[in-house]
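Undergrad: So here's protein.pdb (PDB, C-alpha atoms and all ligand atoms).
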```pdb
ATOM      1  CA  MET A  27       0.000   0.000   0.000  1.00  0.00           C
ATOM      2  CA  ASN A  28       1.232   3.411  -0.950  1.00  0.00           C
ATOM      3  CA  ILE A  29       0.708   5.015   2.466  1.00  0.00           C
ATOM      4  CA  ARG A  30       2.527   2.412   4.572  1.00  0.00           C
ATOM      5  CA  ASN A  31       5.461   2.228   2.152  1.00  0.00           C
ATOM      6  CA  SER A  32       5.840   5.994   2.118  1.00  0.00           C
ATOM      7  CA  ILE A  33       6.408   6.201   5.902  1.00  0.00           C
ATOM      8  CA  ARG A  34      10.049   6.005   6.953  1.00  0.00           C
ATOM      9  CA  THR A  35      11.152   4.477  10.273  1.00  0.00           C
ATOM     10  CA  ILE A  36      14.135   6.058  12.023  1.00  0.00           C
ATOM     11  CA  PRO A  37      15.440   3.869  14.854  1.00  0.00           C
ATOM     12  CA  ASP A  38      16.545   5.444  18.147  1.00  0.00           C
ATOM     13  CA  PHE A  39      15.055   8.904  17.507  1.00  0.00           C
ATOM     14  CA  PRO A  40      14.671  11.125  19.477  1.00  0.00           C
ATOM     15  CA  LYS A  41      16.140   8.749  22.060  1.00  0.00           C
ATOM     16  CA  PRO A  42      17.403   5.160  22.200  1.00  0.00           C
ATOM     17  CA  GLY A  43      14.677   2.527  21.854  1.00  0.00           C
ATOM     18  CA  ILE A  44      12.124   4.720  20.051  1.00  0.00           C
ATOM     19  CA  GLN A  45      11.160   3.740  16.494  1.00  0.00           C
ATOM     20  CA  PHE A  46      10.285   7.150  15.038  1.00  0.00           C
ATOM     21  CA  ARG A  47       7.604   6.878  12.327  1.00  0.00           C
ATOM     22  CA  ASP A  48       8.604   9.694  10.002  1.00  0.00           C
ATOM     23  CA  VAL A  49       5.767  11.062   7.852  1.00  0.00           C
ATOM     24  CA  THR A  50       7.903  13.707   6.116  1.00  0.00           C
ATOM     25  CA  THR A  51       8.539  11.086   3.422  1.00  0.00           C
ATOM     26  CA  LEU A  52       4.771  10.598   3.027  1.00  0.00           C
ATOM     27  CA  PHE A  53       4.228  14.366   2.775  1.00  0.00           C
ATOM     28  CA  GLY A  54       6.969  14.509   0.146  1.00  0.00           C
ATOM     29  CA  ASP A  55       5.276  11.890  -2.050  1.00  0.00           C
ATOM     30  CA  PRO A  56       2.380  13.542  -3.916  1.00  0.00           C
ATOM     31  CA  ARG A  57       0.370  10.348  -4.395  1.00  0.00           C
ATOM     32  CA  ALA A  58       0.787   9.179  -0.803  1.00  0.00           C
ATOM     33  CA  PHE A  59      -0.021  12.635   0.597  1.00  0.00           C
ATOM     34  CA  ARG A  60      -3.215  12.900  -1.449  1.00  0.00           C
ATOM     35  CA  GLU A  61      -4.192   9.297  -0.690  1.00  0.00           C
ATOM     36  CA  ALA A  62      -3.731   9.899   3.038  1.00  0.00           C
ATOM     37  CA  THR A  63      -5.839  13.088   3.106  1.00  0.00           C
ATOM     38  CA  ASP A  64      -8.533  11.670   0.793  1.00  0.00           C
ATOM     39  CA  SER A  65      -8.719   8.398   2.761  1.00  0.00           C
ATOM     40  CA  LEU A  66      -9.202  10.162   6.091  1.00  0.00           C
ATOM     41  CA  ILE A  67     -11.875  12.414   4.586  1.00  0.00           C
ATOM     42  CA  HIS A  68     -13.715   9.373   3.184  1.00  0.00           C
ATOM     43  CA  LEU A  69     -13.728   7.709   6.607  1.00  0.00           C
ATOM     44  CA  PHE A  70     -15.751  10.653   7.951  1.00  0.00           C
ATOM     45  CA  ALA A  71     -17.931  11.065   4.843  1.00  0.00           C
ATOM     46  CA  GLY A  72     -21.541  12.043   5.397  1.00  0.00           C
ATOM     47  CA  GLN A  73     -20.949  13.788   8.698  1.00  0.00           C
ATOM     48  CA  ARG A  74     -21.341  17.510   9.245  1.00  0.00           C
ATOM     49  CA  ILE A  75     -17.952  19.003  10.032  1.00  0.00           C
ATOM     50  CA  ASP A  76     -17.751  22.715  10.894  1.00  0.00           C
ATOM     51  CA  LYS A  77     -14.024  22.968  11.631  1.00  0.00           C
ATOM     52  CA  VAL A  78     -10.862  20.875  11.412  1.00  0.00           C
ATOM     53  CA  ALA A  79      -8.553  21.143  14.438  1.00  0.00           C
ATOM     54  CA  ALA A  80      -5.054  19.687  14.479  1.00  0.00           C
ATOM     55  CA  LEU A  81      -2.246  19.040  16.942  1.00  0.00           C
ATOM     56  CA  GLU A  82       1.158  20.705  16.567  1.00  0.00           C
ATOM     57  CA  ALA A  83       3.161  20.214  14.491  1.00  0.00           C
ATOM     58  CA  ARG A  84       2.794  17.432  11.887  1.00  0.00           C
ATOM     59  CA  GLY A  85      -0.955  17.395  12.452  1.00  0.00           C
ATOM     60  CA  PHE A  86      -1.086  20.892  10.939  1.00  0.00           C
ATOM     61  CA  ILE A  87       0.045  19.555   7.569  1.00  0.00           C
ATOM     62  CA  MET A  88      -2.725  16.949   7.390  1.00  0.00           C
ATOM     63  CA  GLY A  89      -5.269  19.197   9.072  1.00  0.00           C
ATOM     64  CA  GLY A  90      -4.655  22.118   6.740  1.00  0.00           C
ATOM     65  CA  ALA A  91      -5.035  19.924   3.664  1.00  0.00           C
ATOM     66  CA  ILE A  92      -8.222  18.293   5.012  1.00  0.00           C
ATOM     67  CA  ALA A  93      -9.782  21.647   5.993  1.00  0.00           C
ATOM     68  CA  HIS A  94      -9.015  23.013   2.539  1.00  0.00           C
ATOM     69  CA  GLN A  95     -10.608  19.984   0.871  1.00  0.00           C
ATOM     70  CA  LEU A  96     -13.733  20.217   3.064  1.00  0.00           C
ATOM     71  CA  CYS A  97     -13.975  24.016   2.647  1.00  0.00           C
ATOM     72  CA  VAL A  98     -14.099  24.540   6.420  1.00  0.00           C
ATOM     73  CA  GLY A  99     -11.963  26.567   8.828  1.00  0.00           C
ATOM     74  CA  PHE A 100      -8.745  25.284  10.402  1.00  0.00           C
ATOM     75  CA  VAL A 101      -7.923  25.570  14.121  1.00  0.00           C
ATOM     76  CA  PRO A 102      -4.407  24.963  15.501  1.00  0.00           C
ATOM     77  CA  ILE A 103      -3.916  23.371  18.918  1.00  0.00           C
ATOM     78  CA  ARG A 104      -0.414  24.391  19.922  1.00  0.00           C
ATOM     79  CA  LYS A 105       2.235  23.722  22.522  1.00  0.00           C
ATOM     80  CA  ALA A 106       2.249  26.123  25.479  1.00  0.00           C
ATOM     81  CA  GLY A 107       3.241  29.718  24.837  1.00  0.00           C
ATOM     82  CA  LYS A 108       2.946  29.748  21.042  1.00  0.00           C
ATOM     83  CA  LEU A 109      -0.564  31.136  20.496  1.00  0.00           C
ATOM     84  CA  PRO A 110      -0.665  34.951  20.572  1.00  0.00           C
ATOM     85  CA  GLY A 111      -4.237  35.492  21.815  1.00  0.00           C
ATOM     86  CA  PRO A 112      -6.049  34.564  25.056  1.00  0.00           C
ATOM     87  CA  SER A 113      -6.017  30.771  25.226  1.00  0.00           C
ATOM     88  CA  LEU A 114      -7.346  27.762  27.108  1.00  0.00           C
ATOM     89  CA  SER A 115      -4.645  25.390  28.460  1.00  0.00           C
ATOM     90  CA  GLU A 116      -4.700  21.685  29.165  1.00  0.00           C
ATOM     91  CA  SER A 117      -1.771  19.870  30.793  1.00  0.00           C
ATOM     92  CA  TYR A 118      -1.148  16.140  30.637  1.00  0.00           C
ATOM     93  CA  THR A 119       1.438  13.647  31.827  1.00  0.00           C
ATOM     94  CA  LEU A 120       4.220  12.326  29.620  1.00  0.00           C
ATOM     95  CA  GLU A 121       6.511   9.379  30.329  1.00  0.00           C
ATOM     96  CA  TYR A 122       8.890  11.910  31.892  1.00  0.00           C
ATOM     97  CA  GLY A 123       7.260  15.121  33.066  1.00  0.00           C
ATOM     98  CA  GLU A 124       4.350  17.141  31.770  1.00  0.00           C
ATOM     99  CA  ALA A 125       3.225  18.868  28.569  1.00  0.00           C
ATOM    100  CA  THR A 126       0.627  21.547  27.888  1.00  0.00           C
ATOM    101  CA  MET A 127      -1.500  22.187  24.787  1.00  0.00           C
ATOM    102  CA  GLU A 128      -3.406  25.391  24.096  1.00  0.00           C
ATOM    103  CA  LEU A 129      -6.382  26.576  22.023  1.00  0.00           C
ATOM    104  CA  HIS A 130      -7.428  30.160  21.308  1.00  0.00           C
ATOM    105  CA  GLU A 131     -10.497  30.949  23.420  1.00  0.00           C
ATOM    106  CA  ASP A 132     -12.407  32.296  20.423  1.00  0.00           C
ATOM    107  CA  ALA A 133     -11.299  29.707  17.830  1.00  0.00           C
ATOM    108  CA  LEU A 134     -14.515  27.676  18.114  1.00  0.00           C
ATOM    109  CA  GLN A 135     -18.161  28.603  18.558  1.00  0.00           C
ATOM    110  CA  PRO A 136     -20.368  26.686  21.016  1.00  0.00           C
ATOM    111  CA  GLY A 137     -22.065  23.802  19.213  1.00  0.00           C
ATOM    112  CA  GLU A 138     -19.559  23.539  16.383  1.00  0.00           C
ATOM    113  CA  ARG A 139     -18.672  20.034  15.227  1.00  0.00           C
ATOM    114  CA  VAL A 140     -14.938  19.479  15.027  1.00  0.00           C
ATOM    115  CA  LEU A 141     -12.763  16.837  13.358  1.00  0.00           C
ATOM    116  CA  LEU A 142      -9.431  16.494  15.243  1.00  0.00           C
ATOM    117  CA  VAL A 143      -6.378  15.376  13.263  1.00  0.00           C
ATOM    118  CA  ASP A 144      -2.785  14.382  13.962  1.00  0.00           C
ATOM    119  CA  ASP A 145      -0.135  12.311  12.195  1.00  0.00           C
ATOM    120  CA  LEU A 146       0.152   9.593  14.836  1.00  0.00           C
ATOM    121  CA  ILE A 147      -1.512   8.376  18.023  1.00  0.00           C
ATOM    122  CA  ALA A 148       0.714   6.704  20.620  1.00  0.00           C
ATOM    123  CA  THR A 149      -0.476   6.904  24.257  1.00  0.00           C
ATOM    124  CA  GLY A 150      -3.283   9.281  23.270  1.00  0.00           C
ATOM    125  CA  GLY A 151      -2.316  11.905  25.865  1.00  0.00           C
ATOM    126  CA  THR A 152      -1.879  14.725  23.327  1.00  0.00           C
ATOM    127  CA  CYS A 153      -5.151  13.896  21.611  1.00  0.00           C
ATOM    128  CA  GLU A 154      -7.016  13.682  24.919  1.00  0.00           C
ATOM    129  CA  ALA A 155      -5.762  17.167  25.834  1.00  0.00           C
ATOM    130  CA  GLY A 156      -7.012  18.406  22.445  1.00  0.00           C
ATOM    131  CA  ILE A 157     -10.456  16.873  23.010  1.00  0.00           C
ATOM    132  CA  LYS A 158     -10.699  18.480  26.447  1.00  0.00           C
ATOM    133  CA  LEU A 159      -9.797  21.885  25.005  1.00  0.00           C
ATOM    134  CA  ILE A 160     -12.393  21.608  22.221  1.00  0.00           C
ATOM    135  CA  ARG A 161     -15.070  20.537  24.696  1.00  0.00           C
ATOM    136  CA  ARG A 162     -14.159  23.364  27.107  1.00  0.00           C
ATOM    137  CA  ALA A 163     -14.702  25.773  24.197  1.00  0.00           C
ATOM    138  CA  GLY A 164     -18.274  24.424  23.955  1.00  0.00           C
ATOM    139  CA  ALA A 165     -17.736  22.538  20.693  1.00  0.00           C
ATOM    140  CA  SER A 166     -17.956  18.778  20.112  1.00  0.00           C
ATOM    141  CA  VAL A 167     -15.448  16.360  18.630  1.00  0.00           C
ATOM    142  CA  ILE A 168     -17.171  14.258  15.976  1.00  0.00           C
ATOM    143  CA  GLY A 169     -14.065  12.119  15.490  1.00  0.00           C
ATOM    144  CA  CYS A 170     -10.293  11.875  15.448  1.00  0.00           C
ATOM    145  CA  GLY A 171      -8.246  10.902  12.405  1.00  0.00           C
ATOM    146  CA  PHE A 172      -4.632   9.759  12.284  1.00  0.00           C
ATOM    147  CA  ILE A 173      -2.330   8.404   9.617  1.00  0.00           C
ATOM    148  CA  ILE A 174      -0.668   6.021  12.109  1.00  0.00           C
ATOM    149  CA  ASP A 175      -1.739   4.136  15.243  1.00  0.00           C
ATOM    150  CA  LEU A 176       0.679   2.354  17.586  1.00  0.00           C
ATOM    151  CA  PRO A 177      -1.903  -0.049  19.087  1.00  0.00           C
ATOM    152  CA  GLU A 178       0.415  -1.431  21.763  1.00  0.00           C
ATOM    153  CA  LEU A 179       0.384   1.973  23.470  1.00  0.00           C
ATOM    154  CA  GLY A 180      -3.394   1.987  23.885  1.00  0.00           C
ATOM    155  CA  GLY A 181      -4.127   5.521  22.717  1.00  0.00           C
ATOM    156  CA  ARG A 182      -6.998   4.608  20.452  1.00  0.00           C
ATOM    157  CA  ALA A 183      -8.852   2.783  23.234  1.00  0.00           C
ATOM    158  CA  LYS A 184      -8.305   5.769  25.532  1.00  0.00           C
ATOM    159  CA  ILE A 185      -9.895   8.145  23.018  1.00  0.00           C
ATOM    160  CA  GLU A 186     -12.781   5.792  22.182  1.00  0.00           C
ATOM    161  CA  ALA A 187     -13.511   5.624  25.931  1.00  0.00           C
ATOM    162  CA  LEU A 188     -14.191   9.372  25.719  1.00  0.00           C
ATOM    163  CA  ASP A 189     -16.985   8.591  23.210  1.00  0.00           C
ATOM    164  CA  VAL A 190     -14.993   9.858  20.255  1.00  0.00           C
ATOM    165  CA  PRO A 191     -14.774   7.656  17.117  1.00  0.00           C
ATOM    166  CA  VAL A 192     -11.214   7.101  15.903  1.00  0.00           C
ATOM    167  CA  HIS A 193     -10.088   6.332  12.348  1.00  0.00           C
ATOM    168  CA  VAL A 194      -6.514   5.445  11.390  1.00  0.00           C
ATOM    169  CA  LEU A 195      -4.928   4.506   8.071  1.00  0.00           C
ATOM    170  CA  VAL A 196      -2.082   2.204   9.158  1.00  0.00           C
ATOM    171  CA  GLU A 197      -0.913   0.445  12.303  1.00  0.00           C
ATOM    172  CA  PHE A 198       2.679  -0.227  13.294  1.00  0.00           C
ATOM    173  CA  GLU A 199       3.801  -2.751  15.892  1.00  0.00           C
ATOM    174  CA  GLY A 200       5.855  -1.633  18.862  1.00  0.00           C
ATOM    175  CA  ASP A 201       6.331   1.842  20.232  1.00  0.00           C
TER     176      ASP A 201
HETATM  177  P1  LIG B   1       0.851  10.552  22.384  1.00  0.00           P
HETATM  178  O1  LIG B   1       0.404  11.795  23.119  1.00  0.00           O
HETATM  179  O2  LIG B   1       1.621   9.604  23.244  1.00  0.00           O
HETATM  180  O3  LIG B   1      -0.297   9.883  21.669  1.00  0.00           O
HETATM  181  O4  LIG B   1       1.908  11.017  21.298  1.00  0.00           O
HETATM  182  C1  LIG B   1       1.461  11.558  20.110  1.00  0.00           C
HETATM  183  C2  LIG B   1       2.367  12.620  19.602  1.00  0.00           C
HETATM  184  O5  LIG B   1       3.741  12.284  19.696  1.00  0.00           O
HETATM  185  C3  LIG B   1       2.066  12.844  18.135  1.00  0.00           C
HETATM  186  O6  LIG B   1       1.984  14.248  17.882  1.00  0.00           O
HETATM  187  C4  LIG B   1       3.204  12.179  17.391  1.00  0.00           C
HETATM  188  O7  LIG B   1       3.611  12.958  16.313  1.00  0.00           O
HETATM  189  C5  LIG B   1       4.319  12.015  18.421  1.00  0.00           C
HETATM  190  N1  LIG B   1       4.878  10.644  18.489  1.00  0.00           N
HETATM  191  C6  LIG B   1       4.766   9.775  19.533  1.00  0.00           C
HETATM  192  N2  LIG B   1       5.397   8.608  19.287  1.00  0.00           N
HETATM  193  C7  LIG B   1       5.914   8.721  18.030  1.00  0.00           C
HETATM  194  C8  LIG B   1       6.660   7.822  17.169  1.00  0.00           C
HETATM  195  N3  LIG B   1       7.040   6.577  17.545  1.00  0.00           N
HETATM  196  N4  LIG B   1       7.007   8.274  15.944  1.00  0.00           N
HETATM  197  C9  LIG B   1       6.640   9.516  15.535  1.00  0.00           C
HETATM  198  N5  LIG B   1       5.942  10.398  16.289  1.00  0.00           N
HETATM  199  C10 LIG B   1       5.580  10.014  17.527  1.00  0.00           C
END
```
Show how you would write the structure in this file as structure tokens.
TA:
Amino acid sequence: MNIRNSIRTIPDFPKPGIQFRDVTTLFGDPRAFREATDSLIHLFAGQRIDKVAALEARGFIMGGAIAHQLCVGFVPIRKAGKLPGPSLSESYTLEYGEATMELHEDALQPGERVLLVDDLIATGGTCEAGIKLIRRAGASVIGCGFIIDLPELGGRAKIEALDVPVHVLVEFEGD
């Protein structure tokens, strides 16, 4: 399959033992990039989507392309301290330490239906923070879409337990 073959694995990045699933090679391949965006859009076909939100940073590349294709607005969910306007913050636990994601307070209107996108789901912590931010803004998450799932890390199950449907294009073993 075009999508799986276009993803490069870099061993021991950013630290020993991590198999980094590098989607820059997918983004650089015009057929794979279009297939990935079109496939995710098809998985959510028939649903009303008011906005596409995405998680920094590789999620922005998919999310921007999907929002453009759907003719809806795009909303960035960024790492702490990057958004210029008043923002909502949500902190979550990483393997070592803590991380914080932020959303502009006025980026979403109450009642809007949001599709949340990222390149990869691992433990699901980043995505969960994104869902909490969207819900705190009064909007709802109609689903989450990823190119890659690492099922052994349980992120997908964590997000589905929040009553959010999850669609992924490929799974990779290990972490
Ligand atoms: P998590 O919050 O654990 O689901 O981690 C998801 C975020 O970390 C995503 O934004 C991914 O881009 C990144 N990430 C985690 N593990 C990997 C991996 N093995 N390869 C590439 N990116 C990863």
Undergrad: Given the file shown, determine the residues that the PyMOL selection byres (((not hetatm)) within 9 of (chain B and resi 1)) selects; report them as a VMD selection string.
TA: chain A and resid 35 to 36 39 to 40 44 to 49 81 to 85 118 to 121 144 to 155 174 to 176 179 to 182 200 to 201
Undergrad: Would you mind listing what lies within 7 Å of stretch 102-105 of chain A as number ranges by chain, with only C-alpha atoms counted and same-chain residues fewer than 6 positions away left out?
TA: A: 79-82, 86, 126-129, 156
Undergrad: For the point (-7.3, 15.2, 8.2) in the file's frame, write as number ranges by chain all residues with an atom no more than 7 Å away, counting only C-alpha atoms.
TA: A: 63, 66-67, 88-89, 91-92, 143, 171
Undergrad: Excluding A:Ala163 and its own-chain neighbours fewer than 5 positions away, which residues fall within 10 Å of it when counting all atoms listed in the file? Please give them as a CSV table (one decimal) with C-alpha atoms, in the frame of the given file.
TA:
```
chain,number,residue,atom,x,y,z
A,114,LEU,CA,-7.3,27.8,27.1
A,129,LEU,CA,-6.4,26.6,22.0
A,130,HIS,CA,-7.4,30.2,21.3
A,131,GLU,CA,-10.5,30.9,23.4
A,132,ASP,CA,-12.4,32.3,20.4
A,133,ALA,CA,-11.3,29.7,17.8
A,134,LEU,CA,-14.5,27.7,18.1
A,135,GLN,CA,-18.2,28.6,18.6
A,136,PRO,CA,-20.4,26.7,21.0
A,137,GLY,CA,-22.1,23.8,19.2
A,138,GLU,CA,-19.6,23.5,16.4
A,157,ILE,CA,-10.5,16.9,23.0
A,158,LYS,CA,-10.7,18.5,26.4
```
Undergrad: One decimal, in Å: what's the spacing between atom CA of A:Gln95 and atom CA of A:Arg139?
TA: 16.5 Å
Undergrad: What are the centre and the three edge lengths of an axis-aligned box that wraps all atoms of stretch 140-150 of chain A in the file, given that 5 Å is added to every side, written as JSON and rounded to one decimal in Å?
TA:
```
{"center_x": -7.1, "center_y": 13.1, "center_z": 18.2, "size_x": 25.7, "size_y": 22.8, "size_z": 22.1}
```
Undergrad: Please write as a list in words the full residue list that the PyMOL selection byres (((chain A and resi 186-197) around 7) and not hetatm) yields on this file.
TA: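 When the PyMOL selection byres (((chain A and resi 186-197) around 7) and not hetatm) is applied, the selected residues are Arg30, Leu69, Val167, Ile168, Gly169, Cys170, Gly171, Phe172, Ile173, Ile174, Asp175, Leu176, Pro177, Arg182, Ala183, Lys184, Ile185, Phe198 and Glu199 of chain A.
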Undergrad: In Å to one decimal, how far is atom CA of A:Gly54 from atom CA of A:Asp76?
TA: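 Straight-line distance from atom CA of A:Asp76 to atom CA of A:Gly54 works out to 28.2 Å.
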Undergrad: Could you state the separation of atom CA of A:Thr50 and atom CA of A:Ile33 in Å, given to one decimal place?
TA: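 According to the coordinates, atom CA of A:Thr50 and atom CA of A:Ile33 are separated by 7.7 Å.
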Undergrad: What lies within 7 Å of A:Gly99 using all atoms listed in the file, ignoring chain neighbours under 5 positions off, as JSON, numbers by chain?
TA: {"A": [77, 78, 93]}
Undergrad: Closest to A:Leu142 among A:Ala71, A:Leu52, A:Val101, A:Ile87, using all atoms listed in the file?
TA: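 When distances to A:Leu142 are compared using all atoms listed in the file, the smallest one comes from A:Val101.
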Undergrad: With distances taken over only C-alpha atoms, which of A:Asp55, A:Leu141, A:Ala125, A:His94 is nearest to A:Ala106?
TA: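 Looking at the shortest contact to A:Ala106, the residue is A:Ala125.
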Undergrad: Would you mind putting back N, CA and C atoms on stretch 170-195 of chain A, then writing it out as a tab-separated table (two decimals), in the frame of the given file?
TA:
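Final output, result.tsv:
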```
chain	number	residue	atom	x	y	z
A	170	CYS	N	-11.73	11.60	15.56
A	170	CYS	CA	-10.29	11.88	15.45
A	170	CYS	C	-9.73	11.02	14.31
A	171	GLY	N	-8.86	11.62	13.52
A	171	GLY	CA	-8.25	10.90	12.40
A	171	GLY	C	-6.73	10.99	12.46
A	172	PHE	N	-6.09	9.84	12.24
A	172	PHE	CA	-4.63	9.76	12.28
A	172	PHE	C	-4.14	8.97	11.08
A	173	ILE	N	-2.95	9.26	10.63
A	173	ILE	CA	-2.33	8.40	9.62
A	173	ILE	C	-1.93	7.09	10.28
A	174	ILE	N	-1.31	7.19	11.47
A	174	ILE	CA	-0.67	6.02	12.11
A	174	ILE	C	-1.21	5.81	13.52
A	175	ASP	N	-1.45	4.53	13.86
A	175	ASP	CA	-1.74	4.14	15.24
A	175	ASP	C	-0.65	3.17	15.70
A	176	LEU	N	-0.21	3.33	16.94
A	176	LEU	CA	0.68	2.35	17.59
A	176	LEU	C	-0.18	1.63	18.62
A	177	PRO	N	-0.87	0.54	18.22
A	177	PRO	CA	-1.90	-0.05	19.09
A	177	PRO	C	-1.38	-0.51	20.44
A	178	GLU	N	-0.11	-0.93	20.49
A	178	GLU	CA	0.42	-1.43	21.76
A	178	GLU	C	0.42	-0.37	22.85
A	179	LEU	N	0.35	0.91	22.47
A	179	LEU	CA	0.38	1.97	23.47
A	179	LEU	C	-1.01	2.39	23.95
A	180	GLY	N	-2.04	1.85	23.33
A	180	GLY	CA	-3.39	1.99	23.88
A	180	GLY	C	-4.09	3.32	23.69
A	181	GLY	N	-3.53	4.19	22.87
A	181	GLY	CA	-4.13	5.52	22.72
A	181	GLY	C	-5.52	5.50	22.12
A	182	ARG	N	-5.70	4.66	21.13
A	182	ARG	CA	-7.00	4.61	20.45
A	182	ARG	C	-8.12	4.22	21.43
A	183	ALA	N	-7.85	3.22	22.26
A	183	ALA	CA	-8.85	2.78	23.23
A	183	ALA	C	-9.15	3.91	24.22
A	184	LYS	N	-8.11	4.66	24.60
A	184	LYS	CA	-8.30	5.77	25.53
A	184	LYS	C	-9.24	6.83	24.93
A	185	ILE	N	-9.07	7.12	23.66
A	185	ILE	CA	-9.90	8.14	23.02
A	185	ILE	C	-11.31	7.62	22.78
A	186	GLU	N	-11.44	6.36	22.39
A	186	GLU	CA	-12.78	5.79	22.18
A	186	GLU	C	-13.56	5.75	23.50
A	187	ALA	N	-12.85	5.60	24.62
A	187	ALA	CA	-13.51	5.62	25.93
A	187	ALA	C	-14.08	7.00	26.26
A	188	LEU	N	-13.63	8.02	25.54
A	188	LEU	CA	-14.19	9.37	25.72
A	188	LEU	C	-15.37	9.60	24.78
A	189	ASP	N	-15.84	8.51	24.15
A	189	ASP	CA	-16.98	8.59	23.21
A	189	ASP	C	-16.65	9.34	21.95
A	190	VAL	N	-15.41	9.22	21.50
A	190	VAL	CA	-14.99	9.86	20.26
A	190	VAL	C	-14.56	8.75	19.28
A	191	PRO	N	-15.20	8.65	18.11
A	191	PRO	CA	-14.77	7.66	17.12
A	191	PRO	C	-13.38	7.98	16.59
A	192	VAL	N	-12.59	6.93	16.38
A	192	VAL	CA	-11.21	7.10	15.90
A	192	VAL	C	-11.04	6.34	14.60
A	193	HIS	N	-10.44	7.00	13.60
A	193	HIS	CA	-10.09	6.33	12.35
A	193	HIS	C	-8.60	6.50	12.11
A	194	VAL	N	-7.94	5.40	11.71
A	194	VAL	CA	-6.51	5.44	11.39
A	194	VAL	C	-6.31	4.77	10.04
A	195	LEU	N	-5.20	5.09	9.39
A	195	LEU	CA	-4.93	4.51	8.07
A	195	LEU	C	-4.00	3.30	8.15
```
